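Take a look at the structure set out below.
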Amino acid sequence: MKAPLSPAQERLWVLQRLKPDNSAYNCHLVRRLRGPLDRTAVDRAVALVAARHESLRTRFVEEEGVPWAVAGPPPTVDWHRAGGEAEAEELVAELVGRPFDLSAGPPVRISVIEIGPLEHVLCVVPHHIIVDGWSLQILLADLAECYDASVAGREPRLAPLPIQPSDYARWQRRRDERAVPFWLERLADPPPPDLPFRAVGAASGRGGFHLMELSPEVVRGLERVGRERRATLFMVLTAGYLALISRHTGQRDVLVGTAVAARERAGLEAIVGFVSQVVALRGDLSDDPGFAELVDRVRADAVTALGRPGVPFERFAQPAETLVPSLFILHNQTPGKDGSFGGLTMSQFEAGYRQAKLDLNIDAWHDGSRILVSFNYDTALFREADVRLMGERFLRLLESAAADPRVPVSRLAMADPVAAPVMEPIQEAAFALGGPPDAVALICGDERVNYGELDARVAEIARGLLSGVRPGDLVGVCLPRSVEAIATLLAVWRLGAAYLPLDPDDPDDRIALLAEPAHWIVTAEGVTRGAGALRYSGAAYVIPTSGTTGVPRGVVAERAGVEARVAWMREAYQIGPRDRVVQFSALSFDAHVEEMFPALAAGAALVLLPDGAATLPDLLRSGPEVTVLDLPTAYWHRLVDVLDEIAWPAGLRLVVLGGEQVMAASVRRWRDRFGDTVRLVNSYGPTEATVIATLADLGAEDARRRPSIGAAIGGASAVVLDDQGLAAPAGVVGELALGGVGVARGYAGLPGLTASRFVPDPHNPGGRRYLTGDRARWRADGRLEFLGRADDQLKVRGFRIEPGEVESHLLAHPEVAQAYVTARQDDLVAYYAGTADPVDLRADLVARLPRHLVPTVWARMDALPLTKGGKVDRAALPEPGRPGAAERVLPRTDAEGFVAAIWCGLLGVPEVGVFEDFFELGGHSLLATRMAARIRAGLGVEVPIRTLFDKSTVAELAEVLEDLLLAEMAEE
């Protein structure tokens with residue numbers, strides 16, 4: 001007879017289908033037994049316990065994509081003999097770590113290993129789909145009672161079980177369905193799934209452990225806090241864990257999961273089954289509460305959540321690890337507790353469990369006086385040293401909270417050695433054209449200009465075109481990529497003035513707005529007088545950046561800072577006369593400084609892209625032998641996607657990245673292709689810090705975890721500041737502040753904004769540092785990790801964008817009532833409420849804004865969804881589309897029609913388009929398995945479950961099916 005699975009069992013069944021070789025969900029019960037062991041009694045005890053507990057006789061089969069529990073033969077005992085302790089440990093580790101085929105038989109293996117005549121190891125390994133932690137204690141107690149009864153020749157003293165797991169599963173399915181609305185509302189707009197020290201990448205399932213112990217004194221202090229706040233010890237410890245995560249990540253809204261026994265229904269307390277459930281607690285750490293107040297908040301939250309069924313993870317678009325990135329569980333029994341087993345002495349034996357179910361799982365056991373804490377972590381995502389540091393900080397934080405629970409969370413002691421700001425010595429600043437007169441300085445298409453010709457051209461422009469320019473003037477330069485543009489910038493500097501680079505491709509109104517501070521404006525038609533009033537003595541350039549109010553603000557960079565950067569880059573990048581450096585960036589972005597001036601100062605050849613950045617692949621294919629590339633990270637990511645299609649120059653030796661977070665997967669692909677033959681560096685620096693402030697060489701380690709942005713470069717300093725403005729220790733997220741010679745003067749004509757972001761540097765008397773608004777943390781190796789913005793500012797394709805600027809232009813349209821601009825990967829996305837057509841809106845913005853500020857993806861709505869607090873509910877925003885997209889495209893081929901018909905049946909919709917996404921339409925992992933079953937039944941081909949996730953549109957999946965059918969026909 002078959003029975004349904006509970007929702008939690010279904011999730012585990014799907015996970016096992018996706019990763020059949022994963023043994024992370026193997027549970028284990030391993031005990032050393034000393035004394036004369038009766039083999040016959042052991043066999044009989046196992047038979048009696050299996051007859052008593054239905055789960056030990058259950059296997060899991062699939063019918064049309066639906067899993068069912070069916071009864072099977074009971075397990076038997078496997079007897080082994082080991083040559084000693086070490087061999088027994090190896091055998092136990094193999095038994096614990098071997099994965100299960102859930103359909104082959106009951107997913108449990110019971111083994112006894114003989115080490116000597118009076119010493120054995122009992123090893124019981126069930127899959128989590130049939131047991132939970134509570135069940136293991138029941139199983140051990142029942143085995144001991146049945147063994148004792150068998151030895152004594154009596155019947156076991158065990159009360160009949162009124163409920164079996166199959167009864168519970170049916171009841172739980174009905175109960176869970178009623179709880180869905182509660183969890184959907186409670187977990188709307190979830191916070192980012194940040195965890196301290198977590199690397200970027202996929203989990204491996206391989207686990208490590210770090211153990212620590214809270215002393216009886218600390219435990220008594222925490223229990224006292226609980227009594228005073230009418231909270232359980234679990235609530236107090238959870239408050240401590242939430243504080244630990246918040247202090248590291250900077251998040252004030254923190255989600256953590258916990259497992260509840262869920263055996264409140266009569267009859268459940270004695271069954272062996274997967275009864276426990278995961279519920280989510282949402283920590284509110286806004287307004288920096290005292291620890292005692294945080295305990296109050298956790299108590300109120302826990303009372304609401306713990307009485308509900310578990311979270312229905314399959315109902316959410318986000319994966320479970322996004323909603324609940326870690327679990328914190330308090331057990332009431334010490335693991336591996338010594339005792340007796342039917343007259344034998346029982347003690348703990350090393351289980352060799354080296355798996356990890358989650359990224360991070362914290363288990364705590366309270367034995368009445370002490371608390372033992374175990375951090376179980378995925379070794380692909382966390383380093384042992386980092387987890388150990390996190391554990392030590394958790395202990396210090398709890399000690400501090402127990403000593404004085406009135407202390408605000410931000411001030412709870414978590415002390416360890418603090419990373420002081422790094423200040424490297426300034427290299428000798430030098431800037432001049434560095435090549436001999438006959439050496440090539442500029443290459444622009446077919447044009448070649450040597451250093452002598454360039455110097456003469458600069459002098460000519462300074463004497464003629466710019467003859468009216470005086471030191472301290474600001475000169476707007478609005479010229480296309482050309483030799484003339486480079487020579488004009490150099491001429492401005494030679495005259496002691498500063499330049500304001502303007503992009504001739506921007507709308508005329510935009511250029512006019514940006515040029516307002518300039519005293520002179522250079523265009524292809526000549527020079528005109530501007531209306532600028534401010535003086536810019538000692539300034540090198542002014543770079544406009546996006547502004548929150550819709551008005552761009554100009555960053556004033558100091559000449560001394562630029563000269564120091566140029567000198568440092570020449571040495572750090574080892575640029576010399578033999579190099580050919582591509583000038584990739586538009587002049588309106590400060591990256592051009594890094595590309596142009598170190599190359600010219602070192603006597604290298606600067607290679608221009610007269611037709612823009614998109615022509616770089618053509619240049620690499622047919623142009624000069626390029627040795628150095630300086631690229632926006634987003635552009636480099638796209639090149640890596642087509643790595644083998646690019647004609648990479650044989651002489652390429654250095655690639656400099658910057659603008660946004662580098663992806664570890666891209667570093668891995670790059671290194672697989674180039675190894676260490678091409679130096680790959682990751683730079684970081686806002687416009688306010690003069691191009692870059694930190695640098696990291698990316699190597700093998702950066703292919704496995706979040707690539708670093710390194711440490712401060714020469715003349716710069718970097719410090720991570722916590723909420724109190726103090727230097728944060730390694731692993732703690734805070735705001736990155738930059739100091740040193742590269743810090744810009746400030747924002748032109750905006751003294752208030754300048755004062756708020758450029759503040760005194762306590763480590764450099766008389767100096768200032770810039771508060772970047774970027775979140776970062778120090779790693780244990782002394783390098784920085786970039787973690788995104790602390791405010792609403794966006795980074796899209798390497799461009800820094802204030803969404804408020806775009807929103808202000810959208811709201812100026814008479815047919816737009818609400819607007820919200822955000823980023824999704826490489827797209828700038830606009831959501832709006834109103835009657836305006838997105839095609840018209842886009843055209844309107846193109847006429848007023850530079851291209852990088854124009855959204856590429858749009859969504860028109862009747863009204864933007866709001867949270868109870870009145871903010872835009874990001875989780876409720878639909879997947880947007882591109883302007884001008886065609887209407888729904890119905891199936892065009894038999895294969896597409898076949899797939900679409902299956903989708904309609906599974907999703908309960910009348911029709912689907914061939915370019916719509918299964919999971920965006922409401923599909924989930926369990927429905928995906930049913931889809932695979934229907935494909936198998938209809939076509940007789942096997943589609944791996946993973947393929948259904950990777951090819952999630954009708955058109956993509958239909959193409960896969962056609963290929964499979966053709967391959968099958970070719971084999972016949």
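Residue numbering restarts at 1 in every chain; chains get A, B, ... in the order shown in the structure tokens, and ligands count up from 1 in that same order.
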Residues within 9 Å of Pro624 (chain A), please, as an mmCIF file with N, CA and C atoms, in the first residue's frame. Count only C-alpha atoms; anything in the same chain fewer than 3 positions from it doesn't count.
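Final file, result.cif:
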```cif
data_model
loop_
_atom_site.group_PDB
_atom_site.id
_atom_site.type_symbol
_atom_site.label_atom_id
_atom_site.label_comp_id
_atom_site.auth_asym_id
_atom_site.auth_seq_id
_atom_site.Cartn_x
_atom_site.Cartn_y
_atom_site.Cartn_z
ATOM 1 N N ILE A 443 48.167 55.220 -31.253
ATOM 2 C CA ILE A 443 47.700 54.459 -32.417
ATOM 3 C C ILE A 443 46.190 54.616 -32.451
ATOM 4 N N ARG A 580 51.851 47.992 -25.350
ATOM 5 C CA ARG A 580 50.766 48.610 -26.101
ATOM 6 C C ARG A 580 49.511 48.499 -25.241
ATOM 7 N N VAL A 607 46.767 52.684 -27.489
ATOM 8 C CA VAL A 607 45.953 52.254 -28.625
ATOM 9 C C VAL A 607 44.523 52.720 -28.399
ATOM 10 N N LEU A 619 39.644 44.834 -32.756
ATOM 11 C CA LEU A 619 41.004 45.345 -32.586
ATOM 12 C C LEU A 619 41.953 44.218 -32.191
ATOM 13 N N LEU A 620 41.533 43.378 -31.268
ATOM 14 C CA LEU A 620 42.391 42.279 -30.831
ATOM 15 C C LEU A 620 42.670 41.303 -31.966
ATOM 16 N N ARG A 621 41.691 41.170 -32.856
ATOM 17 C CA ARG A 621 41.837 40.213 -33.956
ATOM 18 C C ARG A 621 42.799 40.721 -35.022
ATOM 19 N N PRO A 649 45.655 38.347 -27.956
ATOM 20 C CA PRO A 649 47.016 38.577 -28.460
ATOM 21 C C PRO A 649 48.034 37.687 -27.745
#
```
So that I can see what lies close to region 357-374 of chain A, please list as a PDB file with N, CA and C atoms, in the first residue's frame the residues with an atom at most 9 Å from it, counting only C-alpha atoms and leaving out residues fewer than 6 positions away in the same chain.
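And here's around_0.pdb as it stands now:
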```pdb
ATOM      1  N   SER A  23      25.441  12.641   0.265  1.00  0.00           N
ATOM      2  CA  SER A  23      25.107  11.916   1.499  1.00  0.00           C
ATOM      3  C   SER A  23      24.946  12.865   2.677  1.00  0.00           C
ATOM      4  N   ALA A  24      24.759  14.161   2.388  1.00  0.00           N
ATOM      5  CA  ALA A  24      24.669  15.153   3.466  1.00  0.00           C
ATOM      6  C   ALA A  24      23.480  14.890   4.386  1.00  0.00           C
ATOM      7  N   TYR A  25      22.422  14.256   3.854  1.00  0.00           N
ATOM      8  CA  TYR A  25      21.229  14.017   4.670  1.00  0.00           C
ATOM      9  C   TYR A  25      21.213  12.622   5.283  1.00  0.00           C
ATOM     10  N   LEU A 195      26.076  35.733   5.121  1.00  0.00           N
ATOM     11  CA  LEU A 195      26.659  35.027   6.250  1.00  0.00           C
ATOM     12  C   LEU A 195      28.112  35.466   6.392  1.00  0.00           C
ATOM     13  N   ARG A 198      31.361  33.885   4.323  1.00  0.00           N
ATOM     14  CA  ARG A 198      30.949  32.931   3.296  1.00  0.00           C
ATOM     15  C   ARG A 198      31.536  33.321   1.944  1.00  0.00           C
ATOM     16  N   ALA A 203      27.663  25.180  -2.885  1.00  0.00           N
ATOM     17  CA  ALA A 203      27.987  24.282  -1.782  1.00  0.00           C
ATOM     18  C   ALA A 203      28.437  22.931  -2.327  1.00  0.00           C
ATOM     19  N   GLY A 205      28.577  20.072  -0.092  1.00  0.00           N
ATOM     20  CA  GLY A 205      28.065  18.990   0.740  1.00  0.00           C
ATOM     21  C   GLY A 205      29.121  18.408   1.664  1.00  0.00           C
ATOM     22  N   ARG A 206      30.393  18.789   1.458  1.00  0.00           N
ATOM     23  CA  ARG A 206      31.466  18.335   2.355  1.00  0.00           C
ATOM     24  C   ARG A 206      31.510  19.253   3.559  1.00  0.00           C
ATOM     25  N   GLY A 207      31.561  18.660   4.754  1.00  0.00           N
ATOM     26  CA  GLY A 207      31.422  19.454   5.954  1.00  0.00           C
ATOM     27  C   GLY A 207      32.642  19.456   6.848  1.00  0.00           C
ATOM     28  N   PHE A 209      33.737  20.863  11.069  1.00  0.00           N
ATOM     29  CA  PHE A 209      33.114  21.148  12.362  1.00  0.00           C
ATOM     30  C   PHE A 209      34.052  21.972  13.231  1.00  0.00           C
ATOM     31  N   HIS A 210      33.466  22.906  13.954  1.00  0.00           N
ATOM     32  CA  HIS A 210      34.209  23.632  14.986  1.00  0.00           C
ATOM     33  C   HIS A 210      33.386  23.564  16.258  1.00  0.00           C
ATOM     34  N   LEU A 211      33.991  23.063  17.343  1.00  0.00           N
ATOM     35  CA  LEU A 211      33.304  22.901  18.621  1.00  0.00           C
ATOM     36  C   LEU A 211      33.798  23.931  19.619  1.00  0.00           C
ATOM     37  N   MET A 212      32.893  24.412  20.449  1.00  0.00           N
ATOM     38  CA  MET A 212      33.240  25.362  21.502  1.00  0.00           C
ATOM     39  C   MET A 212      32.305  25.116  22.678  1.00  0.00           C
ATOM     40  N   GLU A 213      32.669  25.649  23.829  1.00  0.00           N
ATOM     41  CA  GLU A 213      31.887  25.398  25.035  1.00  0.00           C
ATOM     42  C   GLU A 213      31.666  26.684  25.798  1.00  0.00           C
ATOM     43  N   LEU A 214      30.426  26.901  26.249  1.00  0.00           N
ATOM     44  CA  LEU A 214      30.097  28.018  27.117  1.00  0.00           C
ATOM     45  C   LEU A 214      30.217  27.551  28.556  1.00  0.00           C
ATOM     46  N   SER A 215      30.923  28.310  29.344  1.00  0.00           N
ATOM     47  CA  SER A 215      31.174  27.925  30.728  1.00  0.00           C
ATOM     48  C   SER A 215      29.891  27.994  31.549  1.00  0.00           C
ATOM     49  N   PRO A 216      29.825  27.272  32.672  1.00  0.00           N
ATOM     50  CA  PRO A 216      28.638  27.347  33.536  1.00  0.00           C
ATOM     51  C   PRO A 216      28.311  28.767  33.977  1.00  0.00           C
ATOM     52  N   GLU A 217      29.352  29.597  34.199  1.00  0.00           N
ATOM     53  CA  GLU A 217      29.104  30.976  34.626  1.00  0.00           C
ATOM     54  C   GLU A 217      28.356  31.763  33.549  1.00  0.00           C
ATOM     55  N   VAL A 218      28.792  31.619  32.282  1.00  0.00           N
ATOM     56  CA  VAL A 218      28.111  32.320  31.193  1.00  0.00           C
ATOM     57  C   VAL A 218      26.700  31.782  31.027  1.00  0.00           C
ATOM     58  N   VAL A 219      26.548  30.468  31.134  1.00  0.00           N
ATOM     59  CA  VAL A 219      25.222  29.868  30.988  1.00  0.00           C
ATOM     60  C   VAL A 219      24.280  30.407  32.055  1.00  0.00           C
ATOM     61  N   ARG A 220      24.773  30.499  33.292  1.00  0.00           N
ATOM     62  CA  ARG A 220      23.918  31.039  34.368  1.00  0.00           C
ATOM     63  C   ARG A 220      23.520  32.480  34.067  1.00  0.00           C
ATOM     64  N   GLU A 321      17.982  28.184   0.711  1.00  0.00           N
ATOM     65  CA  GLU A 321      19.167  28.763   1.331  1.00  0.00           C
ATOM     66  C   GLU A 321      19.169  30.288   1.261  1.00  0.00           C
ATOM     67  N   PRO A 325      19.435  31.104   5.365  1.00  0.00           N
ATOM     68  CA  PRO A 325      20.814  30.754   5.031  1.00  0.00           C
ATOM     69  C   PRO A 325      21.524  29.916   6.086  1.00  0.00           C
ATOM     70  N   SER A 326      21.000  29.889   7.315  1.00  0.00           N
ATOM     71  CA  SER A 326      21.631  29.071   8.350  1.00  0.00           C
ATOM     72  C   SER A 326      20.580  28.616   9.346  1.00  0.00           C
ATOM     73  N   LEU A 327      20.911  27.579  10.103  1.00  0.00           N
ATOM     74  CA  LEU A 327      20.031  27.067  11.157  1.00  0.00           C
ATOM     75  C   LEU A 327      20.725  27.207  12.503  1.00  0.00           C
ATOM     76  N   PHE A 328      19.943  27.553  13.522  1.00  0.00           N
ATOM     77  CA  PHE A 328      20.433  27.545  14.895  1.00  0.00           C
ATOM     78  C   PHE A 328      19.470  26.693  15.714  1.00  0.00           C
ATOM     79  N   ILE A 329      19.981  25.629  16.334  1.00  0.00           N
ATOM     80  CA  ILE A 329      19.133  24.657  17.025  1.00  0.00           C
ATOM     81  C   ILE A 329      19.699  24.405  18.420  1.00  0.00           C
ATOM     82  N   LEU A 330      18.851  24.435  19.425  1.00  0.00           N
ATOM     83  CA  LEU A 330      19.230  24.082  20.788  1.00  0.00           C
ATOM     84  C   LEU A 330      18.616  22.739  21.137  1.00  0.00           C
ATOM     85  N   HIS A 331      19.475  21.784  21.493  1.00  0.00           N
ATOM     86  CA  HIS A 331      19.021  20.458  21.918  1.00  0.00           C
ATOM     87  C   HIS A 331      19.091  20.380  23.444  1.00  0.00           C
ATOM     88  N   ASN A 332      18.284  19.516  23.990  1.00  0.00           N
ATOM     89  CA  ASN A 332      18.248  19.379  25.442  1.00  0.00           C
ATOM     90  C   ASN A 332      19.049  18.194  25.943  1.00  0.00           C
ATOM     91  N   GLN A 333      19.763  17.536  25.048  1.00  0.00           N
ATOM     92  CA  GLN A 333      20.508  16.355  25.435  1.00  0.00           C
ATOM     93  C   GLN A 333      21.891  16.417  24.824  1.00  0.00           C
ATOM     94  N   THR A 334      22.903  16.047  25.570  1.00  0.00           N
ATOM     95  CA  THR A 334      24.270  16.061  25.059  1.00  0.00           C
ATOM     96  C   THR A 334      24.455  14.931  24.067  1.00  0.00           C
ATOM     97  N   PRO A 335      25.071  15.182  22.889  1.00  0.00           N
ATOM     98  CA  PRO A 335      25.255  14.129  21.892  1.00  0.00           C
ATOM     99  C   PRO A 335      26.215  13.046  22.396  1.00  0.00           C
ATOM    100  N   ALA A 380      33.473  24.123   1.098  1.00  0.00           N
ATOM    101  CA  ALA A 380      33.657  24.866  -0.149  1.00  0.00           C
ATOM    102  C   ALA A 380      33.313  26.340   0.026  1.00  0.00           C
ATOM    103  N   LEU A 381      32.648  26.678   1.122  1.00  0.00           N
ATOM    104  CA  LEU A 381      32.168  28.044   1.320  1.00  0.00           C
ATOM    105  C   LEU A 381      32.826  28.750   2.498  1.00  0.00           C
ATOM    106  N   PHE A 382      33.376  27.993   3.442  1.00  0.00           N
ATOM    107  CA  PHE A 382      33.987  28.597   4.620  1.00  0.00           C
ATOM    108  C   PHE A 382      35.352  27.975   4.878  1.00  0.00           C
ATOM    109  N   GLY A 391      33.262  31.515  15.808  1.00  0.00           N
ATOM    110  CA  GLY A 391      32.886  30.871  17.056  1.00  0.00           C
ATOM    111  C   GLY A 391      33.433  31.597  18.273  1.00  0.00           C
TER     112      GLY A 391
END
```
Open item on the list: Env of Arg578 (chain A): 8 Å cut, atoms = only C-alpha atoms, seq-sep filter 2 positions within chain, self excluded. Answer as a list in words.
Closed with: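 Result of the neighbour search: Gly576, Arg580, Ala604 and Ala605 of chain A.
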Would you write out those residues with N, CA and C atoms, as a compact mmCIF listing (two decimals), in the first residue's frame?
```
# COMPACT_ATOMS: atom_id res chain seq x y z
N GLY A 576 56.19 49.66 -19.63
CA GLY A 576 57.42 50.12 -20.23
C GLY A 576 57.25 50.43 -21.70
N ARG A 580 51.85 47.99 -25.35
CA ARG A 580 50.77 48.61 -26.10
C ARG A 580 49.51 48.50 -25.24
N ALA A 604 55.16 54.00 -23.44
CA ALA A 604 54.44 52.93 -24.14
C ALA A 604 53.57 53.54 -25.24
N ALA A 605 52.98 52.68 -26.04
CA ALA A 605 52.06 53.12 -27.09
C ALA A 605 50.63 52.96 -26.59
```
Open item on the list: What parts of region 666-904 of chain A does DSSP call strand (DSSP E)? I'd like the answer as a PyMOL selection string.
Closed with: chain A and resi 679-684+694-697+711-712+716-721+734-740+746-747+758-760+768-778+784-789+794-796+799-801+816-824+827-834+857-861
- [ ] Just the residues within 9 Å of region 706-712 of chain A, please, counting only C-alpha atoms, with nothing from its chain fewer than 3 positions along; format it as a count of residues only.
- [x] 38
Open item on the list: When you look at Thr76 (chain A) with a cut-off of 9 Å (counting only C-alpha atoms), what residues show up, excluding the ones that are within fewer than 2 positions of it in the same chain? I need them as a count of residues only.
Closed with: 8
Task: Top pick for closest residue to Leu921 (chain A), considering A:Phe316, A:Tyr831, A:Tyr747, A:Phe589 and counting only C-alpha atoms - done: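 Answer, going by the shortest atom-to-atom distance: A:Phe316.
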At most 8 Å is the cut-off: for each residue in region 194-249 of chain A with any atom that close to an atom of region 253-271 of chain A, write down the nearest atom pair and the distance in Å rounded to one decimal, counting only C-alpha atoms, chain first then increasing number, as a tab-separated table.
```
residue	atom	partner	partner_atom	distance
A:Leu242	CA	A:Val254	CA	6.6
A:Ile245	CA	A:Val254	CA	7.5
A:Ser246	CA	A:Val254	CA	6.9
```
Would you save the residues of that selection, restricted to C-alpha atoms, as a JSON list (two decimals), in the first residue's frame?
```json
[["chain", "number", "residue", "atom", "x", "y", "z"],
["A", 242, "LEU", "CA", 21.19, 37.13, 15.35],
["A", 245, "ILE", "CA", 25.19, 37.80, 12.07],
["A", 246, "SER", "CA", 24.05, 41.43, 12.16]]
```
